[in-house]
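Engineer: Encoded as structure tokens, here's the structure I'll be asking about.
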Amino acid sequence: MSMTADAAIIGGGVIGASIAYRLAKAGKKVVLCERYDFAAGATGSCDQCVFLQSKNPGIHLKLALDSSAIFQDLSKELDYTIDYFKHGGMITIENEMEMAVMSDFAEKQKKIGLDVEIISRAEAAKRQRGLAGHLLGCTYSPQDGHVNPFKLTLGFVKAAQKHGALILIDAEVFGFKLESGRIKGIKTSKGDVEAGVTVLAAGAWSPVLAKTLDLALPIKPRRGQIVITEPVAPYVTGNLLSGQYIVAKYHPEILADSKSLAVRLGVGLSLTQTSKGDILIGATREFAGYDLRNTREAIREILKNASRLVPGLEDLHVIRVMAGLRPYTPDGLPLVGFVKDREGLFIAAGHEGDGIALSAITGVIARGLICDGKAYTDVSALDPNRFDA
Amino acid sequence: MKKTQILIVGAGPAGLCAAIEAARAGAKAFIIDENSKPGGQLFKQIHKFFGSYEHRAGVRGYAIGTDLLRETEELGVEVILNAPVYGLFRHDGGMMVSYMKDGREKAILAEKIILATGAAENALAFPGGTLPGVMGAGCAQTMINVNRVLPGGKIIMIGSGNVGLIVAYQLLQAGAEVSALIEAAPFIGGYGVHASKIRRAGTPIFVSHTIERALGKTRVDAVEIVRLDESFQPVPGARRVIEADTVCLAVGLSPLTELAWMAGCDFTWIPQLGGHIPIHNENMETTIPGLYAAGDITGSEEASTAMEEGRLAGIAAAEALGLTAERAKDIKLEVWARMNALRTGPFGQKRFEAKAQLLESAKGAAR
């Protein structure tokens with residue numbers, strides 16, 4: 001079978017689905033090809049958080065805020081219940097070093113427009129049961145939320161289909177169609193798709209496909225392991241992150257000399273509870289190539305860390321573990337835009353742990369750049385060519 | 001961290017036999033089991049086994065279990081009980097099994113691992129299916145034969161395979177009334193000899209029938225059944241309500257394959273064996289070198305074949321460690337001969353063919 005489209009999208013994760021919806025709604029003829037099934041990669045193995053406090057003050061946080069604004073009414077817009085809840089979130093502060101980092105972080109975030117404050121341990125304990133006694137306090141923002149990543153992806157997919165998009169699963173993309181140096185679509189296990197624009201939204205697997213074009217993307221797979229408990233009555237209020245995560249992500253130099261296994265595995269708490277009641281306990285940030293297996297040491301370190309910060313979790317039963325490959329970029333920002341010297345190729349990948357939170361706005365940016373030649377705001381910081389020597 | 005040559009997960013008939021053969025060959029063997037007693041399902045099998053003399057025909061399951069336990073003890077096999085295994089990981093080029101014991105998380109390194117994890121009973125979805133009183137037939141069998149507790153007074157058995165027939169009869173022996181046995185197919189699934197015993201005891205067997213719903217507010221009070229036509233569709237008006245306080249489900253078993261999935265084994269789909277089965281070769285070795293599977297995890301059969309598969313895996317694992325190279329070949333041939341003999345007849349033939357298909361897929365599997 002041979003197909004033609006305005007846009008061929010590679011990847012049925014939340015990013016590809018979001019872009020498919022925006023382009024289809026704008027009247028573009030869209031074909032999306034997914035190798036396995038919707039949300040089969042990092043989207044389906046994440047912690048469901050739409051966390052704003054974890055975003056770096058600057059364009060990163062601004063985009064997350066704009067994305068969050070879209071989430072408020074997205075169920076209605078998509079005519080599909082995505083289970084978005086804005087229950088607020090906290091980041092634990094364990095020591096003076098974290099207090100200094102988080103105070104500075106929160107001050108800068110406030111200037112961008114985030115409603116965030118530092119609260120005492122006693123106040124934090126009112127919001128979340130079972131917190132450790134040694135905490136100095138927490139940051140708190142009422143704007144943090146979470147969303148069911150499967151429903152979110154399906155919501156985008158179904159809405160895209162309503163606008164005429166052709167969505168193919170079990171459709172592996174083998175490579176690109178080239179015509180006098182220009183990328184003119186993709187070759188897939190379900191046939192060729194001829195397209196004016198090809199959108200690469202394959203997350204951590206994007207560099208593998210880019211390589212067939214002799215294009216070296218600065219994206220690396222970073223494994224995140226998550227432990228899942230039995231479903232229990234509501235326990236986690238909103239979402240909880242640990243300050244270690246922020247320190248490790250934005251101030252790695254502070255931890256550079258640490259010999260701790262937890263630091264080596266990039267362990268930082270992320271805690272959230274699904275609508276069904278399972279508690280998701282994260283997570284690691286490890287470079288392990290494309291190895292998707294869970295490891296015993298990581299499961300142990302995640303649980304040790306979680307029960308150290310929230311001893312109340314100790315009595316729960318673990319029923320499952322999972323791992324996802326988050327697409328890492330060196331500066332922590334995704335690559336969204338047209339690729340220089342590869343005419344016809346648009347990239348939207350490299351969101352690492354922010355894929356869910358930034359999914360809604362990524363679709364809007366992609367539509368702007370593809371349909372109008374410009375986004376609603378200055379997104380030069382996301383330019384995929386910014387790492388070119 | 002503890003280390004062993006051969007680690008066996010599951011102390012049922014397959015696991016115990018694997019340990020016995022491995023230990024006889026001189027290997028250091030460990031068995032881990034999540035239950036408080038070893039023996040798997042053997043100790044609730046109070047019926048006499050089928051087959052020929054070398055298959056222990058005429059001997060009751062619990063007697064076989066007692067013999068196997070004595071043998072493992074004599075051979076010095078260490079059995080760790082009350083220890084659920086939760087993970088199988090790669091570790092420094094070898095394999096590691098992690099488990100919980102007395103509230104602590106532990107791990108053992110092993111050169112060879114044999115998965116003898118067995119199978120779990122299938123459930124059936126119908127309105128009222130979560131009411132107290134609905135249970136697996138195997139669960140009811142454990143209650144009467146191991147714990148000596150009657151699950152109820154008036155019982156409906158769903159499924160006429162050997163599990164359904166044998167457990168229905170044992171429930172009658174234990175003093176319960178078995179009000180009816182329901183089978184969706186137009187014929188009885190298990191051995192005629194077992195079905196006859198139930199009929200002689202007065203229990204009606206409804207073939208071409210299925211359960212429509214269990215009735216009751218806080219527990220099962222009655223069951224509504226319906227006749228099915230040739231295409232398994234309910235016949236309008238052919239419903240009846242039977243008073244009952246217990247519904248036992250004997251609707252097949254599914255292999256407990258979680259650890260094999262976690263290890264990354266290649267699988268194949270064989271419905272006759274219970275669904276997804278880890279591909280293995282004639283040594284019971286999966287597509288992960290050094291990882292073996294034996295017993296119901298490779299397809300639900302009976303304890304007699306599980307024991308033979310266990311022996312095969314145990315001897316093959318020992319052989320791979322360089323032990324008993326001479327005797328191994330003979331023992332394996334003997335085991336295969338006995339196993340093929342068990343897989344004959346109208347019931348055995350289907351399993352023989354399914355197993356042949358499984359072995360065939362091993363040849364195609366990428367190593």
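Identifiers in the structure tokens: chain A, B, ... in order shown; residue index from 1 per chain; ligand index from 1 in order shown.
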Using only C-alpha atoms, determine which residues of chain B fall within 9 Å of chain A; present them as a PyMOL selection string.

Structural biologist: chain B and resi 87-90+98+105+262-264

Engineer: For N, CA, C and O atoms, I'd like the residues from the last selection saved as a CSV table (one decimal), in the first residue's frame.

Structural biologist:
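Below is the file that was written, again05.csv:
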chain,number,residue,atom,x,y,z
B,87,GLY,N,12.0,-11.8,41.4
B,87,GLY,CA,12.8,-11.3,40.3
B,87,GLY,C,13.9,-12.2,39.8
B,87,GLY,O,14.4,-13.0,40.6
B,88,LEU,N,14.2,-12.2,38.5
B,88,LEU,CA,15.3,-12.9,38.0
B,88,LEU,C,16.1,-11.9,37.1
B,88,LEU,O,15.6,-11.3,36.2
B,89,PHE,N,17.3,-11.7,37.5
B,89,PHE,CA,18.1,-10.7,36.9
B,89,PHE,C,19.5,-11.2,36.3
B,89,PHE,O,19.9,-12.2,36.8
B,90,ARG,N,20.0,-10.5,35.4
B,90,ARG,CA,21.4,-10.8,35.0
B,90,ARG,C,22.3,-10.2,36.1
B,90,ARG,O,22.0,-9.1,36.6
B,98,SER,N,16.0,-13.1,43.1
B,98,SER,CA,15.8,-12.3,44.3
B,98,SER,C,14.5,-12.7,44.9
B,98,SER,O,13.5,-13.0,44.2
B,105,GLU,N,14.6,-8.7,51.9
B,105,GLU,CA,14.8,-9.0,50.5
B,105,GLU,C,16.2,-9.6,50.4
B,105,GLU,O,17.2,-9.1,50.9
B,262,MET,N,10.5,-12.1,32.5
B,262,MET,CA,11.4,-11.1,33.1
B,262,MET,C,12.8,-11.4,32.6
B,262,MET,O,13.6,-10.5,32.4
B,263,ALA,N,13.1,-12.7,32.4
B,263,ALA,CA,14.5,-13.1,32.0
B,263,ALA,C,14.7,-12.8,30.5
B,263,ALA,O,15.8,-12.9,30.0
B,264,GLY,N,13.6,-12.6,29.8
B,264,GLY,CA,13.7,-12.3,28.4
B,264,GLY,C,13.6,-13.5,27.5
B,264,GLY,O,14.1,-13.5,26.3

Engineer: Which residues are close to Glu352 of chain A, i.e. within 10 Å by only C-alpha atoms, leaving aside same-chain residues fewer than 6 positions away? Reply as a VMD selection string.

Structural biologist: chain A and resid 42 203 to 204 219 to 224 285 325 to 329 332 to 334

Engineer: Where in segment 119-350 of chain B does DSSP assign alpha helix (DSSP H), given as a PyMOL selection string?

Structural biologist: chain B and resi 137-145+162-173+192-200+258-263+303-320+325-342+345-350

Engineer: If you run DSSP over the backbone, which residues in segment 73-283 of chain B end up strand (DSSP E)? Put them as a PyMOL selection string.

Structural biologist: chain B and resi 78-80+85-91+94-101+104-115+119-121+134-136+154-158+177-182+205-206+209-215+222-228+234-243+246-249+253-255+267-270+275-278

Engineer: With only C-alpha atoms as the counted atoms, please give the residues lying no more than 9 Å from Gly196 of chain A, apart from itself and same-chain residues fewer than 2 positions off, as a PyMOL selection string.

Structural biologist: chain A and resi 4-8+183-185+194+198+344-345

Engineer: Hey, which of B:Val79, B:Ala337, B:Ile182, B:Ala110 ends up closest to Gly94 of chain B? Count only C-alpha atoms.

Structural biologist: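 Closest residue, counting only C-alpha atoms: B:Ala110.
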
Engineer: Find the residue from A:Leu61, A:Ala40, A:Ala165, A:Cys371 that sits nearest to Asp115 of chain A; use only C-alpha atoms when measuring.

Structural biologist: A:Leu61

Engineer: Hey, what's within 8 Å of segment 252-262 of chain A if we count only C-alpha atoms and toss same-chain stuff fewer than 5 positions away? As a PDB file with C-alpha atoms, in the first residue's frame, please?

Structural biologist:
ATOM      1  CA  VAL A 247      19.827  18.966  42.546  1.00  0.00           C
ATOM      2  CA  VAL A 267      17.634   8.001  42.160  1.00  0.00           C
ATOM      3  CA  ALA A 298      17.656   0.003  41.199  1.00  0.00           C
ATOM      4  CA  GLU A 301      17.522   1.887  45.879  1.00  0.00           C
ATOM      5  CA  ILE A 302      14.190   3.347  44.718  1.00  0.00           C
TER       6      ILE A 302
END

Engineer: Find the spatial neighbours of Ala354 of chain B, counting only C-alpha atoms, within a cut-off of 7 Å - ignore same-chain residues fewer than 4 positions away - and output them as a list of chain:residue names.

Structural biologist: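 The contact residues come out as B:Ile270, B:Gln272, B:Leu273, B:Lys350, B:Leu358.
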
Engineer: What is the distance between atom CA of Asp315 of chain A and atom CA of Tyr235 of chain A, in Å to one decimal?

Structural biologist: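 It comes out at 12.3 Å.
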
Engineer: Here is a test: counting only C-alpha atoms, which residue of B:Gly133, B:Gly40, B:Pro186, B:Gly290 is nearest to Leu228 of chain B?

Structural biologist: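 Under the stated criterion, the closest residue is B:Pro186.
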